[in-house]
Amino acid sequence: MTQSVIMRAYRDIHKNDIDIDSYNILIITATETETKAMHEEMAGMISRVSCGDYTYYLGKVGLYNIIQVQCLQMGSLSPGGSSQTANVALLEWPQIKAVIMVGICFGVDKKSQQIGDVVISSSIRNYETRRVGRKLEIPRGGTYQSDKCLYNAFNNLKLTWEYIGIDEQKKNLTLGEYISGEQLVDNKQNRDKLLSESPEAKAGEMEGNGVIAACVSARKPWILVKAICDFADGNKGKGKKKKQTIAAASAARCCAAALEQVTAFESIGIYSERSQTIPNSQANLGVLFELYKKEYSPYFLRRDIDNLVESYLEGHSLWIYGISGAGKSTSISHALQTMGKNILLVNMAGINSDSLESIFEWIYNEIADMVGETTIAPHSYQLCIKAIVSLLDKHYTGQQVYVLVEEIPFEGDAFKTFVTSFSSLVVSDRLTGTSADVHFVLSSIDNPTFHVSGSLQKVKSMVKFLEFGYWSDEECEKLIELINSNLQKLSIKDKSNMIQQCGNLPRPIKDVFREAYQTGLNDELTPDSISKLLRQL
């Protein structure tokens, strides 16, 4: 099979020369070989924009406009690595709605895998974070799930995937777990040790952790699309360039195949050029936002409790609690972004232990990743508390910083343990922190005040506790009017019934409108149709 070489044409432009609103997909590569392979899949002229230290390439892949950028360095944490590259790109191009990392990886089994086979991430586990004791080494890295919409789009390819690589060999497509870390693994013994800790892993690589850190902080969907270039068994250097070229071409082709689907990404607000449901000028789908971003401020319904959140955050740490779907995270995000604060997002979703040691190692490692520290967390929770305070003082001297803790997974006794231990961190920071003005911001369903007692009572002078409950009928009506005025108007037969069926909560109200809009309902929302839409969710 003869592959023709395409001489790419680039047009240097200024960012302001184009309408960037439709460029919603960011594709990140780590090496020049990966970048070249991706550009082979971009149709026609590619526009080139220089912004600061990075060059961005704008063009079309499949049915979608994309922005592509290459990391300045391999790995996640190095200056110019994937974390910095993704963070800078998401700030430079705020209209981006999804991030895809495309490139090369190492495989785990020569018997079932070959060079150029593509592995799509269902999840990524960080193999670097671990407790190294005197006699025992325990992995502590979290596992993070790829975005469901992106995963489904690539999963769709399994039924039709037929690709003959540039080496004239058929390439397979697999979806599964990745392991990711800073080590360039090329030693079979070391590789097998990592795989013994993650027996379900299908591949390994170096940039995924950085992409996750940036995307979780910015609340952007992400996925990895990489192809196997070696097996990390000591033979990486043999035919390296050829194998990496084969793998990069496979990964790029797979990414392009996914972007040839007409409607696969609509649930995250990305529409193809052939979509029949592209929002028209009368439909501002931002009003249905799930995760608050600054560009959604016109669609934020400010309530009295939101004013209270902002006033509390000016001088205190804050713990919001209450029923799911009441807008706790939205209120916090709106307040912090409106106030222009430094935010460190600690996502607890991947923690798999409720021990004090695990909780504080997790918090330390999350913060360390974001500020670029590579030191290992201390082995005791008391020392970990001191290390966290020291870390914040070191990197935020003379500044305010808000540590936002989300997705707290504990309940019952485990939640009590978390509340009491985290209260110790707050008190310790206030008493021993010297140079950073640190505020902690948390949200949970369970009420934390039940577990703040005894010696921890002093935490109530440092942390404001605020309960979020059901919305009033009047607040729900205002939300319905705000949504309906920004979409193609739907007649609502009985607003009171709609509010009641949605439980006086904003999330179900938005879900009903989103489902109605996406399924093409354009006449009237009756109690029966609302009930049906809620059952579909």
# chains A, B, ... in the order shown; residues from 1 in each chain; ligands from 1
>>> select_by_dssp(residues="region 440-480 of chain A", states="alpha helix (DSSP H)", output="compact mmCIF listing (two decimals) with N, CA and C atoms, in the first residue's frame")
# COMPACT_ATOMS: atom_id res chain seq x y z
N ASP A 473 -41.12 28.41 44.85
CA ASP A 473 -41.88 28.41 43.60
C ASP A 473 -41.53 29.64 42.76
N GLU A 474 -41.36 30.78 43.43
CA GLU A 474 -41.06 32.02 42.71
C GLU A 474 -39.69 31.92 42.02
N GLU A 475 -38.70 31.36 42.72
CA GLU A 475 -37.36 31.22 42.13
C GLU A 475 -37.40 30.25 40.94
N CYS A 476 -38.15 29.17 41.07
CA CYS A 476 -38.27 28.21 39.96
C CYS A 476 -38.95 28.84 38.76
N GLU A 477 -39.96 29.64 39.00
CA GLU A 477 -40.66 30.33 37.90
C GLU A 477 -39.70 31.28 37.17
N LYS A 478 -38.88 31.99 37.91
CA LYS A 478 -37.91 32.90 37.29
C LYS A 478 -36.92 32.12 36.44
N LEU A 479 -36.51 30.95 36.92
CA LEU A 479 -35.58 30.12 36.15
C LEU A 479 -36.24 29.64 34.87
N ILE A 480 -37.48 29.20 34.95
CA ILE A 480 -38.21 28.73 33.77
C ILE A 480 -38.33 29.85 32.74
>>> residues_around(residues="Gly181 (chain A)", least_positions_apart="2", cutoff="9 Å", atoms="only C-alpha atoms", output="number ranges by chain")
A: 75-76, 125-129, 179, 183-184, 204-209
>>> residues_around(residues="Glu266 (chain A)", least_positions_apart="2", cutoff="12 Å", atoms="only C-alpha atoms", output="VMD selection string")
chain A and resid 24 64 97 to 98 149 to 150 152 to 153 259 261 to 264 268 to 279 285 514 to 515 517 to 519
>>> closest_residue(among="A:Glu40, A:Asp147, A:Asp230, A:Glu168", to="Asp109 (chain A)", atoms="only C-alpha atoms")
A:Asp230
>>> select_by_dssp(residues="region 258-449 of chain A", states="strand (DSSP E)", output="ChimeraX atom specification")
/A:317-322,343-347,400-406,437-444
>>> residues_around(residues="region 345-355 of chain A", least_positions_apart="4", cutoff="9 Å", atoms="only C-alpha atoms", output="list in words")
Arg140, Gly141, Gly142, Thr143, Tyr144, Gln145, Val216, Ser217, Ile359, Phe360, Trp362, Ile363, Glu366, Ile367, Met370, Tyr402, Val403, Leu404, Val405, Glu406, Glu407, Ile408, Pro409, Phe410, Ala414, Phe415, Thr417 and Phe418 of chain A
>>> atom_distance(atom1="CA of Cys105 (chain A)", atom2="CA of Ser146 (chain A)")
16.8 Å
>>> residues_around(residues="Gly398 (chain A)", least_positions_apart="3", cutoff="8 Å", atoms="only C-alpha atoms", output="PyMOL selection string")
chain A and resi 435-437
>>> write_last_selection(atoms="N, CA, C and O atoms", output="compact mmCIF listing (two decimals), in the first residue's frame")
# COMPACT_ATOMS: atom_id res chain seq x y z
N SER A 435 2.27 32.96 55.41
CA SER A 435 2.40 33.93 54.32
C SER A 435 1.29 33.88 53.27
O SER A 435 1.21 34.77 52.44
N ALA A 436 0.45 32.86 53.28
CA ALA A 436 -0.65 32.77 52.31
C ALA A 436 -1.99 32.93 53.03
O ALA A 436 -2.16 32.44 54.14
N ASP A 437 -2.90 33.63 52.38
CA ASP A 437 -4.25 33.80 52.92
C ASP A 437 -5.12 32.71 52.29
O ASP A 437 -5.64 32.87 51.19
>>> closest_residue(among="A:Met101, A:Ile530, A:Ile46, A:Leu175", to="Lys493 (chain A)", atoms="only C-alpha atoms")
A:Ile530
>>> atom_distance(atom1="CA of Pro79 (chain A)", atom2="CA of Thr338 (chain A)")
28.8 Å
>>> residues_around(residues="Leu159 (chain A)", least_positions_apart="4", cutoff="12 Å", atoms="only C-alpha atoms", output="list in words")
Ala153, Phe154, Asn155, Asn172, Leu173 and Thr174 of chain A
>>> closest_residue(among="A:Cys51, A:Cys215, A:Leu487, A:Ala43", to="Ile96 (chain A)", atoms="only C-alpha atoms")
A:Cys215
>>> closest_residue(among="A:Cys229, A:Leu77, A:Ile100, A:Leu301", to="Thr374 (chain A)", atoms="only C-alpha atoms")
A:Leu77
>>> residues_around(residues="Pro527 (chain A)", least_positions_apart="6", cutoff="10 Å", atoms="only C-alpha atoms", output="JSON, numbers by chain")
{"A": [492, 493, 494, 495, 496, 497, 498, 501, 533]}
>>> closest_residue(among="A:Thr35, A:Leu157, A:Gly44, A:Ile164", to="Ile104 (chain A)", atoms="only C-alpha atoms")
A:Thr35
